[in-house]
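Structure file work-v4.cif; described as mmCIF, C-alpha atoms.
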```cif
data_start
loop_
_atom_site.label_atom_id
_atom_site.label_comp_id
_atom_site.auth_asym_id
_atom_site.auth_seq_id
_atom_site.Cartn_x
_atom_site.Cartn_y
_atom_site.Cartn_z
CA MET A 1475 35.66 12.08 17.91
CA TYR A 1476 36.19 15.46 16.33
CA ARG A 1477 37.46 18.93 17.21
CA CYS A 1478 34.91 21.74 17.34
CA HIS A 1479 35.76 24.52 14.90
CA PHE A 1480 34.54 27.29 17.24
CA CYS A 1481 35.62 26.29 20.78
CA LYS A 1482 38.50 23.99 19.70
CA THR A 1483 37.59 21.25 22.20
CA VAL A 1484 37.79 17.56 21.35
CA SER A 1485 34.47 15.77 21.69
CA GLN A 1486 33.75 12.61 23.62
CA PRO A 1487 33.52 9.31 21.71
CA ASN A 1488 30.12 8.57 20.10
CA THR A 1489 29.09 12.24 20.21
CA LEU A 1490 27.22 13.44 17.14
CA ALA A 1491 28.85 16.22 15.14
CA ASN A 1492 26.86 19.14 13.77
CA ARG A 1493 27.74 20.53 10.37
CA VAL A 1494 27.61 24.32 10.22
CA VAL A 1495 27.52 26.16 6.90
CA LEU A 1496 29.84 29.18 6.96
CA GLU A 1497 29.76 30.29 3.33
CA THR A 1498 27.44 29.82 0.36
CA ARG A 1499 27.83 30.91 -3.24
CA PRO A 1500 25.35 31.50 -6.04
CA THR A 1501 25.53 29.04 -8.90
CA GLU A 1502 23.77 28.22 -12.16
CA TYR A 1503 23.21 24.73 -13.49
CA PRO A 1504 22.95 24.30 -17.27
CA SER A 1505 20.10 22.41 -18.88
CA ARG A 1506 20.88 18.81 -19.86
CA PRO A 1507 18.99 17.21 -22.72
CA LYS A 1508 17.85 13.60 -22.19
CA ALA A 1509 19.40 13.38 -18.70
CA GLN A 1510 16.47 11.75 -16.87
CA ARG A 1511 15.22 8.25 -17.70
CA ARG A 1512 11.74 7.11 -16.71
CA ARG A 1513 9.94 3.90 -17.38
CA ILE A 1514 6.45 4.28 -18.78
CA GLY A 1515 4.89 0.86 -19.16
CA ARG A 1516 7.52 -1.23 -20.87
CA LYS A 1517 9.23 1.65 -22.64
CA ILE A 1518 12.00 3.81 -21.25
CA LYS A 1519 11.63 7.50 -22.13
CA ASN A 1520 14.24 10.22 -21.78
CA PHE A 1521 13.30 13.60 -20.36
CA ASP A 1522 15.21 16.87 -20.25
CA ASP A 1523 16.66 18.32 -17.04
CA PRO A 1524 15.81 22.06 -17.11
CA GLY A 1525 18.75 23.18 -14.96
CA GLY A 1526 18.32 26.35 -12.91
CA ALA A 1527 19.96 28.64 -10.38
CA GLY A 1528 20.44 28.53 -6.64
CA TYR A 1529 23.00 28.46 -3.84
CA GLU A 1530 25.53 25.78 -2.95
CA ILE A 1531 27.69 25.27 0.12
CA ALA A 1532 31.18 26.75 -0.24
CA ARG A 1533 32.49 26.12 3.29
CA GLU A 1534 31.19 23.80 6.00
CA VAL A 1535 32.72 22.91 9.39
CA LEU A 1536 32.10 20.47 12.25
CA SER A 1537 31.04 21.82 15.63
CA CYS A 1538 29.60 20.71 18.96
CA ARG A 1539 25.89 21.11 19.66
CA SER A 1540 26.19 24.20 21.89
CA CYS A 1541 28.40 26.08 19.43
CA ALA A 1542 26.13 25.13 16.51
CA GLU A 1543 23.08 26.45 18.36
CA ARG A 1544 24.92 29.67 19.25
CA HIS A 1545 26.01 30.14 15.61
CA ALA A 1546 22.44 29.51 14.37
CA ALA A 1547 21.10 32.11 16.81
CA GLU A 1548 23.62 34.66 15.53
CA GLN A 1549 22.67 33.90 11.90
CA VAL A 1550 18.96 34.51 12.63
CA GLU A 1551 19.80 37.97 13.93
CA GLU A 1552 22.09 38.84 11.03
CA PRO A 1553 21.33 36.96 7.77
CA ALA A 1554 24.08 37.42 5.20
CA PHE A 1555 24.99 35.50 2.07
CA ALA A 1556 28.66 35.28 1.22
#
```
If you convert what's in this file into structure tokens, what do you get?
Amino acid sequence: MYRCHFCKTVSQPNTLANRVVLETRPTEYPSRPKAQRRRIGRKIKNFDDPGGAGYEIAREVLSCRSCAERHAAEQVEEPAFA
């Protein structure tokens, strides 16, 4: 059981919750030397992780199915990154 963030109703037992992303933020990940290990034959070799840039979730809430669908429809009309 959970309480929907949008309509504030408590769900029925055994009802699946939908996670809705409200905010994202840009982030950069540094490169990491020798972070990945792979086995090649009998030897284990270390490879570098190149890092990179992207977006990560800053705020996420639980909602019921109908509110999640309504929120997704609104986001399609008005895409905005926080």
### Task
Pull out every residue that the PyMOL selection byres ((chain A and resi 1487-1497) around 9) matches in the shown coordinates and put them as a ChimeraX atom specification.
/A:1475-1476,1478,1485-1486,1498-1499,1530-1539,1542,1545-1546,1555-1556
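All protein and nucleic acid residues in the vicinity of (20.8, 23.3, -18.6), that is within 7 Å when counting all atoms listed in the file, are Tyr1503, Pro1504, Ser1505, Arg1506, Asp1523, Pro1524, Gly1525 and Gly1526 of chain A.
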### Task
Between CA of Glu1548 (chain A) and CA of Thr1483 (chain A), measure the distance and give it in Å to one decimal.
20.5 Å
### Query
Hey, what comes out of the PyMOL selection byres ((chain A and resi 1528) around 6) on this file? Could you write it as a ChimeraX atom specification?
/A:1500-1501,1527,1529
Any chance you could model N, CA and C atoms for region 1500-1513 of chain A and send them as a tab-separated table (two decimals), keeping the file's coordinate frame?
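Once written, out.tsv looks like this:
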```tsv
chain	number	residue	atom	x	y	z
A	1500	PRO	N	26.38	31.69	-5.01
A	1500	PRO	CA	25.35	31.50	-6.04
A	1500	PRO	C	25.92	30.68	-7.20
A	1501	THR	N	25.08	29.87	-7.79
A	1501	THR	CA	25.53	29.04	-8.90
A	1501	THR	C	24.38	28.84	-9.89
A	1502	GLU	N	24.74	28.52	-11.12
A	1502	GLU	CA	23.77	28.22	-12.16
A	1502	GLU	C	24.09	26.85	-12.73
A	1503	TYR	N	23.05	26.06	-12.93
A	1503	TYR	CA	23.21	24.73	-13.49
A	1503	TYR	C	22.65	24.74	-14.91
A	1504	PRO	N	23.42	24.28	-15.89
A	1504	PRO	CA	22.95	24.30	-17.27
A	1504	PRO	C	21.88	23.22	-17.51
A	1505	SER	N	21.08	23.43	-18.54
A	1505	SER	CA	20.10	22.41	-18.88
A	1505	SER	C	20.82	21.23	-19.54
A	1506	ARG	N	20.27	20.03	-19.32
A	1506	ARG	CA	20.88	18.81	-19.86
A	1506	ARG	C	19.81	18.04	-20.64
A	1507	PRO	N	19.99	17.95	-21.94
A	1507	PRO	CA	18.99	17.21	-22.72
A	1507	PRO	C	19.10	15.71	-22.48
A	1508	LYS	N	17.96	15.06	-22.35
A	1508	LYS	CA	17.85	13.60	-22.19
A	1508	LYS	C	18.67	13.08	-21.00
A	1509	ALA	N	18.63	13.77	-19.87
A	1509	ALA	CA	19.40	13.38	-18.70
A	1509	ALA	C	18.63	12.45	-17.76
A	1510	GLN	N	17.31	12.54	-17.78
A	1510	GLN	CA	16.47	11.75	-16.87
A	1510	GLN	C	15.82	10.61	-17.64
A	1511	ARG	N	15.88	9.41	-17.09
A	1511	ARG	CA	15.22	8.25	-17.70
A	1511	ARG	C	14.06	7.83	-16.82
A	1512	ARG	N	12.91	7.60	-17.43
A	1512	ARG	CA	11.74	7.11	-16.71
A	1512	ARG	C	11.12	5.97	-17.49
A	1513	ARG	N	10.61	5.04	-16.75
A	1513	ARG	CA	9.94	3.90	-17.38
A	1513	ARG	C	8.45	4.16	-17.41
```
